[in-house]
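Reproduced below: target38.txt, with compact mmCIF, C-alpha atoms and all ligand atoms.
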# COMPACT_ATOMS: atom_id res chain seq x y z
CA MET E 302 94.19 136.25 103.60
CA ALA E 303 94.87 132.52 103.60
CA ASN E 304 96.23 132.74 100.08
CA LEU E 305 98.99 135.12 101.06
CA SER E 306 100.23 132.96 103.92
CA MET E 307 100.13 129.90 101.70
CA THR E 308 102.19 131.61 99.06
CA GLN E 309 104.81 132.39 101.65
CA LEU E 310 104.70 128.85 102.93
CA LYS E 311 105.13 127.38 99.49
CA THR E 312 108.19 129.52 98.83
CA ARG E 313 109.72 128.39 102.06
CA ASN E 314 108.84 124.74 101.50
CA SER E 315 110.03 124.32 97.93
CA ALA E 316 112.50 121.72 96.67
CA SER E 317 115.55 123.06 98.51
CA ARG E 318 113.75 122.57 101.80
CA PHE E 319 113.05 119.02 100.83
CA SER E 320 116.63 118.12 100.22
CA PHE E 321 117.27 119.28 103.75
CA ASN E 322 114.58 117.02 105.18
CA PHE E 323 114.85 114.01 102.93
CA SER E 324 115.94 110.86 104.74
CA LYS E 325 116.52 112.98 107.79
CA LYS E 326 115.67 111.19 110.99
CA VAL E 327 113.41 113.54 112.91
CA TYR E 328 112.33 113.34 116.49
CA PRO E 329 108.77 112.06 116.64
CA ARG E 330 106.22 114.56 117.84
CA PRO E 331 105.55 113.64 121.49
CA SER E 332 102.14 112.08 121.98
CA ARG E 333 100.03 113.55 124.71
CA VAL E 334 97.76 110.53 124.76
CA ASP E 335 99.52 108.80 127.62
CA PHE E 336 98.97 111.82 129.85
CA LYS E 337 95.24 111.97 129.29
CA VAL E 338 92.72 110.84 131.86
CA PHE E 339 89.23 109.68 131.03
CA ALA E 340 86.51 112.30 130.97
CA SER E 341 84.85 113.02 134.25
CA GLU E 342 81.07 113.28 134.35
CA GLY E 343 81.25 117.02 134.91
CA GLN E 344 83.12 117.78 131.67
CA VAL E 345 81.29 120.48 129.71
CA SER E 346 83.59 121.93 127.05
CA GLU E 347 83.08 120.70 123.49
CA PRO E 348 86.11 119.17 121.73
CA ASP E 349 87.63 121.43 119.09
CA LEU E 350 87.54 119.82 115.63
CA SER E 351 89.41 122.63 113.85
CA VAL E 352 92.66 121.85 112.06
CA LYS E 353 95.50 123.81 110.48
CA VAL E 354 97.11 122.01 107.56
CA ASN E 355 99.96 123.47 105.49
CA GLY E 356 98.84 126.91 106.68
CA LEU E 357 95.18 126.29 105.81
CA HIS E 358 92.58 126.63 108.56
CA MET E 359 89.55 124.32 108.47
CA PRO E 360 86.64 124.20 110.94
CA ASN E 361 86.87 120.41 110.96
CA PRO E 362 89.06 117.74 109.30
CA PHE E 363 86.29 116.54 106.94
CA VAL E 364 87.02 117.26 103.29
CA ILE E 365 84.96 116.36 100.23
CA GLY E 366 87.11 113.94 98.18
CA SER E 367 87.51 114.63 94.47
CA GLY E 368 84.65 113.08 92.50
CA PRO E 369 80.94 113.61 91.85
CA PRO E 370 80.40 115.49 95.19
CA GLY E 371 82.72 118.28 93.90
CA THR E 372 81.68 118.32 90.29
CA ASN E 373 80.11 121.81 89.94
CA TYR E 374 79.35 125.11 91.70
CA THR E 375 75.97 124.00 93.06
CA VAL E 376 77.22 120.88 94.82
CA MET E 377 80.42 122.51 96.15
CA LYS E 378 78.38 125.41 97.55
CA ARG E 379 76.12 122.85 99.19
CA ALA E 380 79.16 121.22 100.80
CA PHE E 381 80.31 124.55 102.27
CA ASP E 382 76.80 125.35 103.49
CA GLU E 383 76.51 121.97 105.23
CA GLY E 384 79.80 122.60 107.04
CA TRP E 385 82.48 120.52 105.34
CA GLY E 386 85.97 121.60 106.41
CA GLY E 387 87.12 121.79 102.79
CA VAL E 388 86.20 120.75 99.28
CA ILE E 389 88.39 119.10 96.66
CA ALA E 390 86.79 119.65 93.28
CA LYS E 391 86.46 116.95 90.62
CA THR E 392 89.78 116.58 88.75
CA VAL E 393 90.22 118.99 85.84
CA SER E 394 92.58 118.97 82.85
CA LEU E 395 93.24 121.47 80.07
CA ASP E 396 91.14 119.83 77.38
CA ALA E 397 87.85 118.40 78.63
CA ALA E 398 86.89 117.47 75.06
CA LYS E 399 89.30 114.52 75.31
CA VAL E 400 87.36 113.19 78.32
CA ILE E 401 84.48 111.02 77.13
CA ASN E 402 82.48 109.22 79.79
CA VAL E 403 80.22 106.19 79.34
CA THR E 404 77.02 105.04 81.03
CA PRO E 405 76.51 102.94 83.06
CA ARG E 406 79.77 103.68 84.85
CA TYR E 407 78.99 102.55 88.41
CA ALA E 408 78.44 99.08 89.91
CA ARG E 409 77.76 98.29 93.55
CA LEU E 410 78.43 95.37 95.88
CA ARG E 411 75.82 94.57 98.52
CA ALA E 412 76.58 92.86 101.78
CA ASN E 413 74.03 90.09 101.95
CA ALA E 414 73.92 86.80 100.14
CA ASN E 415 73.50 86.72 96.37
CA GLY E 416 73.78 90.50 96.06
CA SER E 417 70.07 90.99 96.86
CA ALA E 418 68.92 94.52 96.03
CA LYS E 419 68.01 95.00 99.71
CA GLY E 420 71.51 94.46 101.08
CA GLU E 421 73.64 97.25 102.47
CA ILE E 422 76.02 98.75 99.88
CA ILE E 423 79.56 98.01 101.02
CA GLY E 424 81.51 98.38 97.77
CA TRP E 425 81.27 100.79 94.85
CA GLN E 426 83.03 100.52 91.52
CA ASN E 427 83.32 103.32 88.99
CA ILE E 428 84.78 103.66 85.53
CA GLU E 429 84.19 107.42 85.58
CA LEU E 430 86.89 109.64 84.12
CA ILE E 431 87.99 113.06 85.36
CA SER E 432 85.74 116.09 84.78
CA ASP E 433 84.26 116.28 81.30
CA ARG E 434 83.10 119.87 81.90
CA PRO E 435 85.01 122.63 80.03
CA LEU E 436 87.95 123.94 82.06
CA GLU E 437 86.78 127.54 81.60
CA THR E 438 83.45 126.68 83.23
CA MET E 439 85.11 124.93 86.17
CA LEU E 440 87.54 127.84 86.68
CA LYS E 441 84.69 130.37 86.64
CA GLU E 442 82.94 128.33 89.32
CA PHE E 443 86.09 128.04 91.50
CA LYS E 444 86.44 131.84 91.34
CA GLN E 445 82.80 132.41 92.25
CA LEU E 446 83.03 129.99 95.19
CA LYS E 447 86.17 131.68 96.52
CA GLU E 448 84.48 135.10 96.22
CA GLU E 449 81.42 133.87 98.10
CA TYR E 450 83.30 131.75 100.65
CA PRO E 451 86.69 133.50 101.09
CA ASP E 452 87.36 131.80 104.43
CA ARG E 453 86.58 128.28 103.27
CA ILE E 454 89.14 125.91 101.78
CA LEU E 455 88.72 125.04 98.10
CA ILE E 456 91.29 122.70 96.59
CA ALA E 457 91.62 122.14 92.84
CA SER E 458 92.38 118.59 91.74
CA ILE E 459 94.37 118.55 88.52
CA MET E 460 95.78 116.04 86.04
CA GLU E 461 97.65 116.48 82.79
CA GLU E 462 99.56 114.57 80.16
CA TYR E 463 103.34 114.05 80.34
CA ASN E 464 104.07 117.58 79.16
CA LYS E 465 105.76 120.25 81.29
CA ALA E 466 104.18 123.21 79.50
CA ALA E 467 100.70 121.71 79.91
CA TRP E 468 101.19 121.23 83.67
CA GLU E 469 102.50 124.79 84.01
CA GLU E 470 99.56 126.25 82.13
CA LEU E 471 97.04 124.26 84.16
CA ILE E 472 98.63 125.26 87.48
CA ASP E 473 98.71 128.89 86.45
CA ARG E 474 95.07 128.89 85.40
CA VAL E 475 93.71 127.16 88.51
CA GLU E 476 95.78 129.39 90.81
CA GLN E 477 94.32 132.50 89.19
CA THR E 478 90.90 131.54 90.54
CA GLY E 479 92.09 131.97 94.13
CA ILE E 480 91.93 128.30 95.13
CA ASP E 481 93.76 127.52 98.38
CA ALA E 482 95.75 124.44 97.39
CA ILE E 483 96.19 121.89 94.63
CA GLU E 484 95.78 118.13 94.78
CA ILE E 485 97.51 116.24 91.97
CA ASN E 486 95.63 113.21 90.77
CA PHE E 487 98.47 110.72 90.25
CA SER E 488 96.10 107.89 90.92
CA CYS E 489 93.02 107.43 88.72
CA PRO E 490 93.27 103.70 87.82
CA HIS E 491 91.08 103.58 84.71
CA GLY E 492 90.85 105.42 81.40
CA MET E 493 93.45 108.09 82.10
CA PRO E 494 96.52 105.75 82.30
CA GLU E 495 95.80 104.92 78.64
CA ARG E 496 96.88 108.55 78.01
CA LYS E 497 99.90 108.19 80.36
CA MET E 498 98.01 110.16 83.01
CA GLY E 499 96.86 109.47 86.58
CA ALA E 500 98.05 106.14 87.99
CA ALA E 501 100.46 105.75 85.05
CA VAL E 502 102.55 108.51 86.69
CA GLY E 503 101.82 107.51 90.30
CA GLN E 504 103.08 103.98 89.67
CA ASP E 505 106.37 105.08 88.12
CA CYS E 506 108.66 106.76 90.65
CA ALA E 507 111.04 108.20 88.02
CA LEU E 508 108.18 109.78 86.08
CA LEU E 509 106.60 110.95 89.34
CA GLU E 510 109.78 112.68 90.46
CA GLU E 511 110.10 114.51 87.17
CA VAL E 512 106.45 115.63 87.04
CA CYS E 513 106.44 116.65 90.74
CA GLY E 514 109.56 118.70 90.00
CA TRP E 515 107.73 120.61 87.23
CA ILE E 516 104.67 121.12 89.41
CA ASN E 517 106.48 122.32 92.51
CA ALA E 518 108.70 124.69 90.58
CA LYS E 519 105.54 126.38 89.32
CA ALA E 520 102.95 126.16 92.11
CA THR E 521 102.70 128.94 94.70
CA VAL E 522 100.06 127.23 96.87
CA PRO E 523 100.46 123.98 98.85
CA VAL E 524 100.48 120.83 96.70
CA TRP E 525 99.15 117.43 97.81
CA ALA E 526 100.00 114.35 95.76
CA LYS E 527 97.15 111.84 95.62
CA MET E 528 98.51 108.31 95.61
CA THR E 529 97.27 105.13 93.96
CA PRO E 530 96.94 102.01 96.14
CA ASN E 531 97.56 99.89 93.03
CA ILE E 532 101.25 99.46 93.76
CA THR E 533 103.26 97.13 96.00
CA ASP E 534 104.69 99.71 98.42
CA ILE E 535 102.74 102.97 98.49
CA SER E 536 105.31 104.64 100.77
CA GLN E 537 107.83 104.74 97.90
CA PRO E 538 105.94 107.09 95.55
CA ALA E 539 104.76 109.07 98.61
CA ARG E 540 108.40 109.62 99.61
CA VAL E 541 109.28 110.68 96.05
CA ALA E 542 106.40 113.17 95.94
CA LEU E 543 107.37 114.77 99.26
CA SER E 544 111.05 114.78 98.37
CA SER E 545 110.17 116.54 95.10
CA GLY E 546 108.55 119.45 96.92
CA CYS E 547 104.94 118.44 97.62
CA GLU E 548 103.61 119.56 101.02
CA GLY E 549 101.16 116.73 101.46
CA ILE E 550 100.09 113.23 100.54
CA ALA E 551 96.49 112.17 99.94
CA ALA E 552 95.70 108.46 99.92
CA ILE E 553 94.03 106.40 98.71
CA ASN E 554 92.40 106.71 95.33
CA THR E 555 90.26 103.79 94.22
CA ILE E 556 91.48 100.20 94.05
CA MET E 557 91.64 98.56 90.61
CA SER E 558 88.81 96.05 90.49
CA VAL E 559 86.39 93.98 88.48
CA MET E 560 83.04 94.23 90.23
CA GLY E 561 81.56 91.00 88.96
CA ILE E 562 80.34 88.90 86.09
CA ASN E 563 76.64 88.64 85.35
CA LEU E 564 75.95 84.90 85.54
CA ASN E 565 73.00 85.14 83.15
CA THR E 566 74.67 87.13 80.37
CA LEU E 567 78.26 86.08 81.19
CA ARG E 568 79.22 89.76 80.71
CA PRO E 569 81.25 91.82 83.22
CA GLU E 570 79.73 94.72 85.22
CA PRO E 571 79.30 97.63 84.68
CA CYS E 572 78.35 96.51 81.20
CA VAL E 573 78.63 98.99 78.33
CA GLU E 574 77.35 97.54 75.04
CA GLY E 575 78.31 94.05 76.28
CA TYR E 576 81.83 94.98 77.40
CA SER E 577 83.50 96.47 80.47
CA THR E 578 86.89 97.64 81.69
CA PRO E 579 88.48 97.29 85.15
CA GLY E 580 87.46 100.21 87.37
CA GLY E 581 88.11 101.80 90.76
CA TYR E 582 86.71 100.29 93.97
CA SER E 583 85.64 102.50 96.89
CA ALA E 584 83.31 102.71 99.93
CA LYS E 585 83.22 100.72 103.19
CA ALA E 586 84.88 97.60 101.70
CA VAL E 587 88.11 99.49 100.98
CA HIS E 588 88.45 101.06 104.45
CA PRO E 589 90.75 98.36 105.91
CA ILE E 590 92.95 98.49 102.81
CA ALA E 591 93.08 102.28 103.02
CA LEU E 592 94.01 102.06 106.73
CA GLY E 593 96.90 99.76 105.77
CA LYS E 594 98.17 102.11 103.05
CA VAL E 595 97.79 105.20 105.24
CA MET E 596 99.63 103.45 108.08
CA SER E 597 102.51 102.65 105.74
CA ILE E 598 102.75 106.26 104.47
CA ALA E 599 102.38 107.68 107.99
CA LYS E 600 105.23 105.52 109.31
CA MET E 601 107.48 106.67 106.49
CA MET E 602 106.52 110.33 107.02
CA LYS E 603 107.02 110.13 110.77
CA SER E 604 110.55 108.83 110.39
CA GLU E 605 111.66 110.99 107.44
CA PHE E 606 109.62 114.21 107.32
CA ASP E 607 108.73 116.68 110.05
CA SER E 608 105.06 116.81 110.94
CA GLU E 609 104.96 120.63 111.09
CA ASN E 610 105.46 121.12 107.36
CA TYR E 611 104.08 117.95 105.78
CA SER E 612 100.52 116.71 105.87
CA LEU E 613 98.56 113.56 105.25
CA SER E 614 94.98 113.44 103.98
CA ALA E 615 93.41 110.01 104.43
CA ILE E 616 90.69 108.65 102.13
CA GLY E 617 88.77 105.42 101.82
CA GLY E 618 85.42 104.12 103.00
CA VAL E 619 84.65 106.77 105.61
CA GLU E 620 81.00 106.79 106.72
CA THR E 621 81.28 107.31 110.48
CA GLY E 622 83.20 109.51 112.89
CA GLY E 623 84.88 106.33 114.10
CA ASP E 624 86.23 105.63 110.59
CA ALA E 625 87.72 109.13 110.57
CA ALA E 626 89.13 108.74 114.11
CA GLU E 627 90.98 105.62 112.94
CA PHE E 628 92.70 107.55 110.14
CA ILE E 629 93.61 110.39 112.51
CA LEU E 630 94.97 107.91 115.06
CA LEU E 631 97.32 106.76 112.29
CA GLY E 632 98.52 110.34 111.69
CA ALA E 633 96.11 111.86 109.16
CA ASN E 634 95.59 115.64 109.40
CA THR E 635 92.41 115.57 107.33
CA VAL E 636 89.95 112.89 106.20
CA GLN E 637 88.31 112.90 102.78
CA VAL E 638 84.94 111.40 101.90
CA CYS E 639 83.68 110.73 98.37
CA THR E 640 81.42 107.67 98.02
CA GLY E 641 80.00 108.21 101.52
CA VAL E 642 78.60 111.55 100.32
CA MET E 643 77.20 109.93 97.17
CA MET E 644 75.35 107.43 99.35
CA HIS E 645 74.31 109.57 102.35
CA GLY E 646 74.32 113.18 101.12
CA TYR E 647 76.17 116.34 102.22
CA GLY E 648 74.51 116.33 105.67
CA LEU E 649 76.80 113.39 106.51
CA VAL E 650 79.34 115.92 107.81
CA LYS E 651 77.10 116.65 110.81
CA LYS E 652 76.95 112.98 111.80
CA LEU E 653 80.71 112.60 111.25
CA SER E 654 81.42 115.64 113.44
CA LEU E 655 79.11 114.48 116.23
CA GLU E 656 80.55 110.98 116.25
CA LEU E 657 84.14 112.24 116.18
CA LYS E 658 83.35 114.55 119.09
CA ASP E 659 81.79 111.66 121.02
CA PHE E 660 84.97 109.66 120.52
CA MET E 661 87.06 112.62 121.70
CA LYS E 662 84.88 113.20 124.77
CA LYS E 663 85.17 109.53 125.71
CA HIS E 664 88.95 109.89 125.85
CA ASN E 665 89.01 113.49 127.08
CA PHE E 666 90.77 114.70 123.93
CA THR E 667 90.19 118.40 123.43
CA SER E 668 91.76 118.80 119.99
CA ILE E 669 92.61 116.69 116.93
CA GLU E 670 96.31 117.07 117.73
CA ASP E 671 95.68 115.41 121.11
CA PHE E 672 95.33 112.03 119.44
CA ARG E 673 96.69 112.41 115.89
CA GLY E 674 99.13 109.58 115.23
CA ALA E 675 98.65 108.04 118.68
CA SER E 676 98.10 104.49 117.38
CA LEU E 677 100.99 104.42 114.92
CA GLN E 678 103.44 103.33 117.61
CA TYR E 679 101.52 100.08 118.09
CA PHE E 680 102.44 98.68 114.66
CA THR E 681 105.46 96.44 114.70
CA THR E 682 106.81 93.35 112.94
CA HIS E 683 105.30 89.89 113.25
CA THR E 684 108.57 88.67 114.79
CA ASP E 685 108.19 91.31 117.49
CA LEU E 686 104.60 90.20 118.13
CA VAL E 687 105.80 86.63 118.69
CA HIS E 688 108.45 87.90 121.09
CA ARG E 689 105.98 90.09 123.00
CA ARG E 690 103.51 87.22 123.24
CA GLN E 691 106.13 84.83 124.60
CA GLU E 692 107.33 87.44 127.10
CA ALA E 693 103.79 88.13 128.25
CA ILE E 694 103.16 84.43 128.80
CA LYS E 695 106.35 84.07 130.76
CA GLN E 696 105.86 87.17 132.87
CA ARG E 697 102.23 86.74 133.72
CA LYS E 698 102.42 82.97 134.08
CA ALA E 699 98.86 83.04 132.82
CA ILE E 700 97.01 80.46 130.85
CA LYS E 701 96.84 81.58 127.24
CA LYS E 702 93.33 81.92 125.85
CA GLY E 703 94.19 80.92 122.29
CA LEU E 704 95.99 77.81 121.06
CA GLN E 705 99.74 77.45 121.47
CA SER E 706 100.61 76.44 117.92
CA ASP E 707 99.21 74.96 114.71
CA LYS E 708 99.76 71.40 115.97
CA ASP E 709 97.07 71.90 118.68
CA TRP E 710 94.23 72.41 116.22
CA THR E 711 91.61 69.64 116.27
CA GLY E 712 89.08 68.97 113.52
CA ASP E 713 86.20 68.66 116.01
CA GLY E 714 86.50 72.04 117.72
CA PHE E 715 87.59 73.93 114.58
CA VAL E 716 85.05 76.79 114.77
CA LYS E 717 85.60 77.30 118.52
CA GLU E 718 89.36 77.23 118.05
CA SER E 719 89.18 79.82 115.25
CA GLU E 720 87.01 82.03 117.48
CA SER E 721 89.62 81.92 120.25
CA MET E 722 92.06 83.69 117.95
CA VAL E 723 89.82 86.56 116.87
CA SER E 724 90.60 89.87 118.59
CA ASN E 725 87.14 91.46 118.52
C1 LIG E 801 82.41 108.03 91.00
C2 LIG E 801 83.78 108.42 91.50
C3 LIG E 801 84.52 109.37 90.80
C4 LIG E 801 85.80 109.74 91.25
N1 LIG E 801 86.49 110.71 90.58
C5 LIG E 801 87.70 111.12 91.05
C6 LIG E 801 88.40 112.19 90.42
O1 LIG E 801 87.94 112.81 89.47
N2 LIG E 801 89.62 112.51 90.95
C7 LIG E 801 90.18 111.88 92.02
O2 LIG E 801 91.28 112.24 92.45
N3 LIG E 801 89.50 110.89 92.65
C8 LIG E 801 88.29 110.50 92.19
N4 LIG E 801 87.61 109.50 92.85
C9 LIG E 801 88.25 108.81 94.00
C10 LIG E 801 87.79 109.38 95.34
O3 LIG E 801 88.17 110.73 95.50
C11 LIG E 801 88.40 108.56 96.52
O4 LIG E 801 89.81 108.64 96.45
C12 LIG E 801 88.00 107.08 96.50
O5 LIG E 801 86.70 106.92 96.01
C13 LIG E 801 88.07 106.44 97.90
O6 LIG E 801 87.32 107.16 98.85
P1 LIG E 801 85.78 106.85 99.22
O7 LIG E 801 85.69 105.43 99.67
O8 LIG E 801 85.45 107.86 100.30
O9 LIG E 801 85.00 107.09 97.97
C14 LIG E 801 86.34 109.14 92.42
C15 LIG E 801 85.58 108.19 93.12
C16 LIG E 801 84.31 107.83 92.68
C17 LIG E 801 83.51 106.82 93.47
Please go through the file and, once you have read it, give me the structure as structure tokens.
Amino acid sequence: MANLSMTQLKTRNSASRFSFNFSKKVYPRPSRVDFKVFASEGQVSEPDLSVKVNGLHMPNPFVIGSGPPGTNYTVMKRAFDEGWGGVIAKTVSLDAAKVINVTPRYARLRANANGSAKGEIIGWQNIELISDRPLETMLKEFKQLKEEYPDRILIASIMEEYNKAAWEELIDRVEQTGIDAIEINFSCPHGMPERKMGAAVGQDCALLEEVCGWINAKATVPVWAKMTPNITDISQPARVALSSGCEGIAAINTIMSVMGINLNTLRPEPCVEGYSTPGGYSAKAVHPIALGKVMSIAKMMKSEFDSENYSLSAIGGVETGGDAAEFILLGANTVQVCTGVMMHGYGLVKKLSLELKDFMKKHNFTSIEDFRGASLQYFTTHTDLVHRRQEAIKQRKAIKKGLQSDKDWTGDGFVKESESMVSN
């Protein structure tokens, strides 16, 4: 049973193990990318999408991110039936009665001019809180799902107030349902911080260390800490969470945002009785920001934590297999999708899998590990870029395509000159 092996793993990986690994320089896992050749026409075998993360086996790296797509038994069952590698349920807390949602709580940004209703949705803002369903109901549904799908990975997302006993009770109760792992929501940017929950903990490294200590002393299944992007350096709280015993990092949660102001009513959106509150931004528009945050965490993890025991679950604006491949190339073990499922449905996993396989076939990668983290080595400092550029010019004695320096810009050819500096 997966649960048994995870229990053993957790015992082995608890805080004492961390102190051994913390700040330890580890040898980077050798990349096999450089040894790969491009696929020949005769290649027939299908790439293997399966992953093993913190002892958990998944048929593919695609995981439902905590939110509406994991809000009850019916939708989580649907996710398993459609083939998602794992499901992270909507965040639960001990007392759902304290969670009071409002409507409307979503607002969307469309790509074309003036936000025409026909434009493609590229940004999604929500002011939704964690689950407002009674904990007992959610726990009953977790148990039923694990009974019906014993081999599938169900992860409980939890959040509590700054209270050790409350965290311990919540962990105990979710573990009794047979869930495979726990994700800690240290990252919800709206509503919950007013109760010193969510991002209020994730943005305060001292608080985070203390709460992670409570959690990891209690939990017997792997624990992932879900990070907020609403902080200057996301690698700092990620380091604290791992050093306090968590097995994995999940990032990012939504980005604090104001979706817009209605120019007729002068009221902000989403508008509740004439007022609004800053919310969390997600979907395609956040993907580049998520890539940046994941890159920063992955670099820190690669240099300080060994990749066998620690995992990274990347989240943010995934709608295609290519989006997922980008996260994996940065070092992610799994890729979560939330808004993408709200927009395209649970069948999205089939498209994601096909597109990821196509990418793998193109490069003759047979497994996720063949290319995981392969692009991380290509991030460096700007100073180093300048040096490499100058060296390349010298060595090749070639005429540079772009402009040499800011002094060469001319007003007349401005658009053409800008174009010459774009990389794609
Ligand atoms: C409507 C909505 C509700 C969400 N609720 C939760 C939640 O309860 N717990 C949580 O950890 N993240 C929650 N999230 C954040 C998502 O899990 C995810 O981190 C974020 O939306 C970025 O990924 P995406 O672009 O794939 O949606 C929610 C997101 C949305 C859009």
Using all atoms listed in the file, which residues of the polymer chains come no farther than 6 Å from ligand LIG 801 (chain E)? I'd like the answer as an NGL selection string. :E and (366-369 or 391-392 or 427 or 429 or 431 or 486 or 553-555 or 583-584 or 616-619 or 638-641)
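Here CA of Glu461 in chain E and CA of Met643 in chain E stand 25.8 Å from one another.
The residue that comes closest to Glu383 in chain E, out of E:Leu649, E:Met439, E:Ala500, E:Val642 and on the basis of only C-alpha atoms, is E:Leu649.
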Smallest atom-to-atom distance to Glu495 in chain E: which of E:Val650, E:Leu430, E:Ile629, E:Ile365, using only C-alpha atoms?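 Comparing E:Val650, E:Leu430, E:Ile629, E:Ile365 against Glu495 in chain E, the winner is E:Leu430.
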Nearest residue to Gln445 in chain E out of E:Ser668, E:Ser724, E:Asn531, E:Gln477, using only C-alpha atoms?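 When distances to Gln445 in chain E are compared using only C-alpha atoms, the smallest one comes from E:Gln477.
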Within 10 Å of Trp425 in chain E, counting only C-alpha atoms, which residues qualify if same-chain residues fewer than 4 places away don't, as a PyMOL selection string? chain E and resi 407-411+555+558+560+580-587+618+640+644
Surrounding residues of range 680-691 of chain E excluding itself and chain neighbours under 4 positions, 10 Å, only C-alpha atoms, as a list of chain:residue names: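 With the cut-off at 10 Å, the set is E:Met596, E:Ser597, E:Lys600, E:Leu631, E:Ser676, E:Lys695, E:Gln696, E:Lys701.
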So which residues touch Leu455 in chain E within 10 Å, counting only C-alpha atoms, skipping near sequence neighbours fewer than 3 positions away, as a VMD selection string? chain E and resid 364 to 365 371 377 381 386 to 390 443 to 444 446 to 447 450 to 452 458 479 to 483
Point-to-point distance in Å for CA of Val512 in chain E and CA of Glu442 in chain E: 26.8 Å
